[in-house]
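See structure below.
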Amino acid sequence: MNRGLLCVMLCLLSLLCQAEEAPLRLAWLHGQGYEVVQFNTTQAISREPLPADLQTPLGSLWKLFVYAWLVDTDQHEPAYDCQGEDRDEVYCCTAGGSIAREPALVHSCGLYFNPRRLKVDSGQWRAYWQARKAPDWLADIAQLQPQTRVPVAQLLDMLRTLPAQQQARQLLLDVVLDATDGQAVGRLGGRLRVKTWSWLADADPKARQGGFGGWLADGTPVWVGGRGTSQMILRHYADVLGSFLPAPWPQDVGRCVEVDLFAHYPLKAVLTVAGKPAAQGALQGRYRAVFENGNDLDVESSGDLYLQQAANRPRLIARLDREEYVARVLQREAKSQPAEAAKALAVAIRTYLLQNAGRKGDCLSIDDSSSRQRVAPRAASADARRIAAWTSDLVLAGSPVTYHSDTPGADKLSWTQAVEQADGGLRYDAILQHAYPRASLSRWGNPVASCEPLPAAQDWLQSQRRRWRPTLDNEVGYNEISAFAVCRLSYGRPYVDRERQRIYVRGVLTLQDRLDLTHEYLHLAFEAHPNGQDETYIEGLARHLLLD
């Protein structure tokens, strides 16, 4: 056998053996104690109590503790201004820009959370964390370094009781939404609220290890660690984690959607099961709503329905938390199966609420009607609640959202069509992309479209493609893309979202901008060929097209 080929085969065998020896590990609070679950890319392969001696580098998780301290102690630190003089600013902002606390945590801008920049007093820091029974590695600010190794059990303990946990959980859904391959949120939904981490591998300083730490939507602490960077882990293990993780009912969404039930159907009376008029105020149990048109309907309440008298007629008001509202509308308007169609509709329902509800104090206010959204006058089923929890906090940004039982249209989801698409194997995010092509999945508290168009860059690329066509048509594997979008890159390095045919760059003003745009377009155009993964080939071709 050729000696060179033998060496290559031995190297590949060694890498495969290493991969088998180092499965992904997830540690979390399960039942009354912590457990660790090991995965390959397709299934869980072992479960056992979390060993007390299992350790992890802190990696970027140290920033989460600084964030919690800043929020909990009501600090008012300045934004971080990028000067273009530090290479780590690639995680923060472009030269001349700045970044605030929340995006700094999501984008892992360590320069923002540097204790020296924030002028954190080490004594005050120690006293603060010792009062919360923190371990020494957290109380000593000098140990708050990515290389510091900490017991995973202690890390989970601190996540479990972390100050400002509610704010962090809401914010960190953006990490899954912003994963660069565009697939993580499709596989994981709104269940994970985590800060990513990466560091040098234990046995090989040239390799990386990474993962994430944070919570499920209900506050269950989780930690994940494995070979490769955090983005590689999200990309390679999102399917198996998505199948394994539960969809617990989210916390902290508040009892803050006020619904005027039967808004366009005047009530005549609300009766108890004994047939007597119900007393005003909070209702408990089963009742019968009698309408002026002679119809009646059974309703149920566990303190979430309120009977009022208004203009000499009764009025029923439901006060619900947001995800219960989504589940009740899903139950009233459609079904919980097929699951992918139901998930898509749940996101549309939540988005419609965000876009169309009025305000009543700190709460949202919306009618229950066929011209708005119809709401079940009883607690949602377990299946409907599971769908709402799986998609918790997810909304669409970038276009208006409507839906109909069987009629599709511009920016309108058809439930019948969504069912057909789900039965055909489409995932919920693909169903949404078909119904709302201009919209992006986003977070309730920050509904920002992921694609801010760069029309000048798009026009430039379209015109250049015509010039490049004779050259590119001779390149093996080239496939001219018929429809794509060029979007503004807010942080990090340029990249392509192949799923949505989007190119993320900073602009087209400088030569480097145009090289980046050309480079990323070629990745998209050679997606189906091995050349598309060859960085040397792609960069060389980009320079040839642009500079020669």
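Chain labels run A, B, ... following the order of the structure tokens; each chain numbers its residues from 1, and ligands are numbered from 1 in the order shown.
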
Taking the chain letters and numbering used in this document, name the residues of segment 131-352 of chain A that DSSP puts in helix (DSSP H, G or I), as an MDAnalysis selection string.
chainID A and resid 136:139 141:143 152:160 165:171 173:177 184:188 230:244 322:333 339:352

Now that the selection is made, can you save its residues with C-alpha atoms as a tab-separated table (two decimals), in the first residue's frame?
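Printed below is part_34.tsv as written:
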chain	number	residue	atom	x	y	z
A	136	ASP	CA	-14.01	30.47	45.61
A	137	TRP	CA	-13.55	30.48	41.81
A	138	LEU	CA	-16.47	32.91	41.49
A	139	ALA	CA	-15.80	35.02	44.60
A	141	ILE	CA	-12.45	38.01	40.50
A	142	ALA	CA	-8.87	37.15	39.50
A	143	GLN	CA	-10.05	33.58	38.76
A	152	VAL	CA	-19.75	21.30	36.61
A	153	ALA	CA	-21.94	20.63	39.67
A	154	GLN	CA	-20.89	23.96	41.21
A	155	LEU	CA	-21.49	25.73	37.92
A	156	LEU	CA	-25.03	24.31	37.77
A	157	ASP	CA	-25.60	25.33	41.41
A	158	MET	CA	-24.70	28.93	40.58
A	159	LEU	CA	-26.83	28.96	37.42
A	160	ARG	CA	-29.75	27.62	39.44
A	165	GLN	CA	-31.67	34.94	35.79
A	166	GLN	CA	-35.02	36.08	34.35
A	167	GLN	CA	-33.40	38.83	32.26
A	168	ALA	CA	-30.61	36.51	31.11
A	169	ARG	CA	-33.03	33.73	30.10
A	170	GLN	CA	-35.12	36.08	28.00
A	171	LEU	CA	-32.05	37.61	26.34
A	173	LEU	CA	-32.71	32.99	23.26
A	174	ASP	CA	-30.91	35.25	20.79
A	175	VAL	CA	-27.89	32.92	20.93
A	176	VAL	CA	-29.89	30.09	19.37
A	177	LEU	CA	-31.57	32.49	16.96
A	184	ALA	CA	-30.40	25.60	15.46
A	185	VAL	CA	-33.67	27.40	16.17
A	186	GLY	CA	-35.48	25.11	13.72
A	187	ARG	CA	-34.37	22.09	15.70
A	188	LEU	CA	-34.46	23.50	19.23
A	230	SER	CA	-19.69	26.02	20.45
A	231	GLN	CA	-21.01	26.77	16.94
A	232	MET	CA	-19.84	23.33	15.73
A	233	ILE	CA	-21.66	21.70	18.62
A	234	LEU	CA	-24.87	23.61	17.92
A	235	ARG	CA	-24.59	22.60	14.27
A	236	HIS	CA	-23.75	18.91	14.75
A	237	TYR	CA	-25.82	18.09	17.84
A	238	ALA	CA	-28.91	20.28	17.47
A	239	ASP	CA	-30.96	17.37	16.10
A	240	VAL	CA	-30.18	14.92	18.89
A	241	LEU	CA	-30.52	17.58	21.61
A	242	GLY	CA	-33.77	18.74	20.03
A	243	SER	CA	-35.14	15.19	20.24
A	244	PHE	CA	-33.96	14.68	23.81
A	322	ARG	CA	-48.80	34.96	27.11
A	323	GLU	CA	-48.02	31.30	26.37
A	324	GLU	CA	-51.37	30.14	27.79
A	325	TYR	CA	-53.00	32.64	25.43
A	326	VAL	CA	-51.07	31.17	22.48
A	327	ALA	CA	-52.05	27.62	23.48
A	328	ARG	CA	-55.74	28.54	23.83
A	329	VAL	CA	-55.82	30.23	20.43
A	330	LEU	CA	-54.09	27.23	18.85
A	331	GLN	CA	-56.65	24.94	20.46
A	332	ARG	CA	-59.56	27.10	19.24
A	333	GLU	CA	-58.29	27.91	15.74
A	339	ALA	CA	-46.67	19.13	15.26
A	340	GLU	CA	-44.61	21.13	12.73
A	341	ALA	CA	-47.72	22.83	11.34
A	342	ALA	CA	-48.89	23.56	14.89
A	343	LYS	CA	-45.50	25.04	15.81
A	344	ALA	CA	-45.64	27.31	12.75
A	345	LEU	CA	-49.15	28.46	13.65
A	346	ALA	CA	-48.15	29.05	17.29
A	347	VAL	CA	-45.39	31.42	16.13
A	348	ALA	CA	-47.89	33.19	13.86
A	349	ILE	CA	-50.41	33.49	16.74
A	350	ARG	CA	-47.80	34.97	19.06
A	351	THR	CA	-46.63	37.38	16.36
A	352	TYR	CA	-50.19	38.45	15.59

As a ChimeraX atom specification, please: the residues near Asp513 of chain A (cut-off 12 Å, only C-alpha atoms, same-chain neighbours under 5 positions excluded).
/A:457,460-461,488-489,493-494,504-508,518-520,542,546

Could you dump the residues just selected with N, CA and C atoms as an mmCIF file, in the first residue's frame?
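Generated file (again.cif):
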data_model
loop_
_atom_site.group_PDB
_atom_site.id
_atom_site.type_symbol
_atom_site.label_atom_id
_atom_site.label_comp_id
_atom_site.auth_asym_id
_atom_site.auth_seq_id
_atom_site.Cartn_x
_atom_site.Cartn_y
_atom_site.Cartn_z
ATOM 1 N N ALA A 457 -25.332 46.820 -2.151
ATOM 2 C CA ALA A 457 -24.488 45.632 -2.271
ATOM 3 C C ALA A 457 -25.149 44.588 -3.170
ATOM 4 N N TRP A 460 -24.793 45.753 -6.779
ATOM 5 C CA TRP A 460 -23.414 45.591 -7.237
ATOM 6 C C TRP A 460 -23.132 44.137 -7.595
ATOM 7 N N LEU A 461 -23.570 43.218 -6.724
ATOM 8 C CA LEU A 461 -23.314 41.801 -6.968
ATOM 9 C C LEU A 461 -24.055 41.317 -8.208
ATOM 10 N N ARG A 488 -27.135 43.133 6.022
ATOM 11 C CA ARG A 488 -26.111 43.819 6.806
ATOM 12 C C ARG A 488 -25.623 42.934 7.944
ATOM 13 N N LEU A 489 -24.306 42.803 8.071
ATOM 14 C CA LEU A 489 -23.682 42.063 9.155
ATOM 15 C C LEU A 489 -23.492 43.011 10.331
ATOM 16 N N ARG A 493 -17.766 37.849 11.619
ATOM 17 C CA ARG A 493 -17.225 37.732 10.279
ATOM 18 C C ARG A 493 -18.332 37.486 9.262
ATOM 19 N N PRO A 494 -18.125 37.884 8.007
ATOM 20 C CA PRO A 494 -19.130 37.621 6.967
ATOM 21 C C PRO A 494 -19.430 36.119 6.852
ATOM 22 N N TYR A 504 -24.424 37.648 4.483
ATOM 23 C CA TYR A 504 -24.268 38.675 5.510
ATOM 24 C C TYR A 504 -22.877 39.302 5.396
ATOM 25 N N VAL A 505 -22.836 40.584 5.036
ATOM 26 C CA VAL A 505 -21.584 41.336 4.892
ATOM 27 C C VAL A 505 -21.784 42.739 5.462
ATOM 28 N N ARG A 506 -20.679 43.485 5.581
ATOM 29 C CA ARG A 506 -20.770 44.826 6.158
ATOM 30 C C ARG A 506 -21.206 45.873 5.142
ATOM 31 N N GLY A 507 -20.961 45.637 3.869
ATOM 32 C CA GLY A 507 -21.327 46.628 2.859
ATOM 33 C C GLY A 507 -20.588 46.362 1.568
ATOM 34 N N VAL A 508 -20.394 47.422 0.782
ATOM 35 C CA VAL A 508 -19.745 47.269 -0.523
ATOM 36 C C VAL A 508 -18.833 48.463 -0.817
ATOM 37 N N THR A 518 -17.970 38.909 -2.562
ATOM 38 C CA THR A 518 -17.690 37.956 -3.634
ATOM 39 C C THR A 518 -17.386 36.578 -3.061
ATOM 40 N N HIS A 519 -16.573 36.536 -2.020
ATOM 41 C CA HIS A 519 -16.190 35.285 -1.364
ATOM 42 C C HIS A 519 -17.428 34.528 -0.867
ATOM 43 N N GLU A 520 -18.311 35.228 -0.135
ATOM 44 C CA GLU A 520 -19.481 34.556 0.440
ATOM 45 C C GLU A 520 -20.483 34.155 -0.645
ATOM 46 N N ALA A 542 -12.300 34.326 -5.799
ATOM 47 C CA ALA A 542 -12.847 35.657 -5.516
ATOM 48 C C ALA A 542 -11.852 36.744 -5.917
ATOM 49 N N LEU A 546 -12.293 39.577 -8.932
ATOM 50 C CA LEU A 546 -12.389 40.976 -8.536
ATOM 51 C C LEU A 546 -11.157 41.791 -8.905
#

Shell around Gly110 of chain A at 8 Å using only C-alpha atoms, local window under 5 positions removed, as a ChimeraX atom specification
/A:60,63,88,91,104

For the residues selected in the previous step, produce a file with C-alpha atoms as a compact mmCIF listing (two decimals), in the first residue's frame.
# COMPACT_ATOMS: atom_id res chain seq x y z
CA SER A 60 -16.96 32.58 27.92
CA LYS A 63 -19.20 36.94 31.14
CA ASP A 88 -11.25 40.73 19.83
CA TYR A 91 -17.06 39.94 18.62
CA ALA A 104 -22.41 42.23 24.26

Segment 156-342 of chain A: which residues are strand (DSSP E or B) by DSSP, as a PyMOL selection string?
chain A and resi 192-200+208-216+221-227+257-260+267-272+277+281-291+296-310+313-320

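Shortest separation to Arg514 of chain A among A:Arg543, A:Lys335, A:Arg469, A:Arg208 occurs at residue A:Arg543, atoms counted being only C-alpha atoms.
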
All residues 9 Å or closer to Leu354 of chain A, only C-alpha atoms, same chain fewer than 6 positions away omitted, as a VMD selection string:
chain A and resid 364 395 444

Residues near Ser482 of chain A, anyone? I mean within 12 Å using only C-alpha atoms, not counting same-chain ones fewer than 6 positions away, as a PyMOL selection string.
chain A and resi 462+465+501+524-525

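Neighbouring residues of Arg191 of chain A at 8 Å or closer, counting only C-alpha atoms and skipping chain neighbours under 5 positions away, are Leu216, Ala217, Pro246, Ala247, Pro248, Ala389, Trp390, Thr391 and Ser392 of chain A.
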
Quick one, how far is atom CA of Asp81 of chain A from atom CA of Glu102 of chain A?
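Going from atom CA of Asp81 of chain A over to atom CA of Glu102 of chain A, I get 14.6 Å.
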
Which residues, written as a ChimeraX atom specification, have at least one atom at most 9 Å from Leu118 of chain A, with only C-alpha atoms counted and residues fewer than 6 positions away on the same chain left out?
/A:77-78,112

Grab the atom CA of Phe39 of chain A to atom CA of Gly225 of chain A distance for me, in Å with one decimal place.
10.7 Å

My list of candidates is A:Gln458, A:Gln284, A:Ser365, A:Gln373. Which is closest to Leu305 of chain A when distances are computed with only C-alpha atoms?
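Ranking A:Gln458, A:Gln284, A:Ser365, A:Gln373 by distance to Leu305 of chain A, first place goes to A:Gln284.
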
Between atom CA of Arg502 of chain A and atom CA of Cys487 of chain A, what is the spacing in Å?
6.8 Å
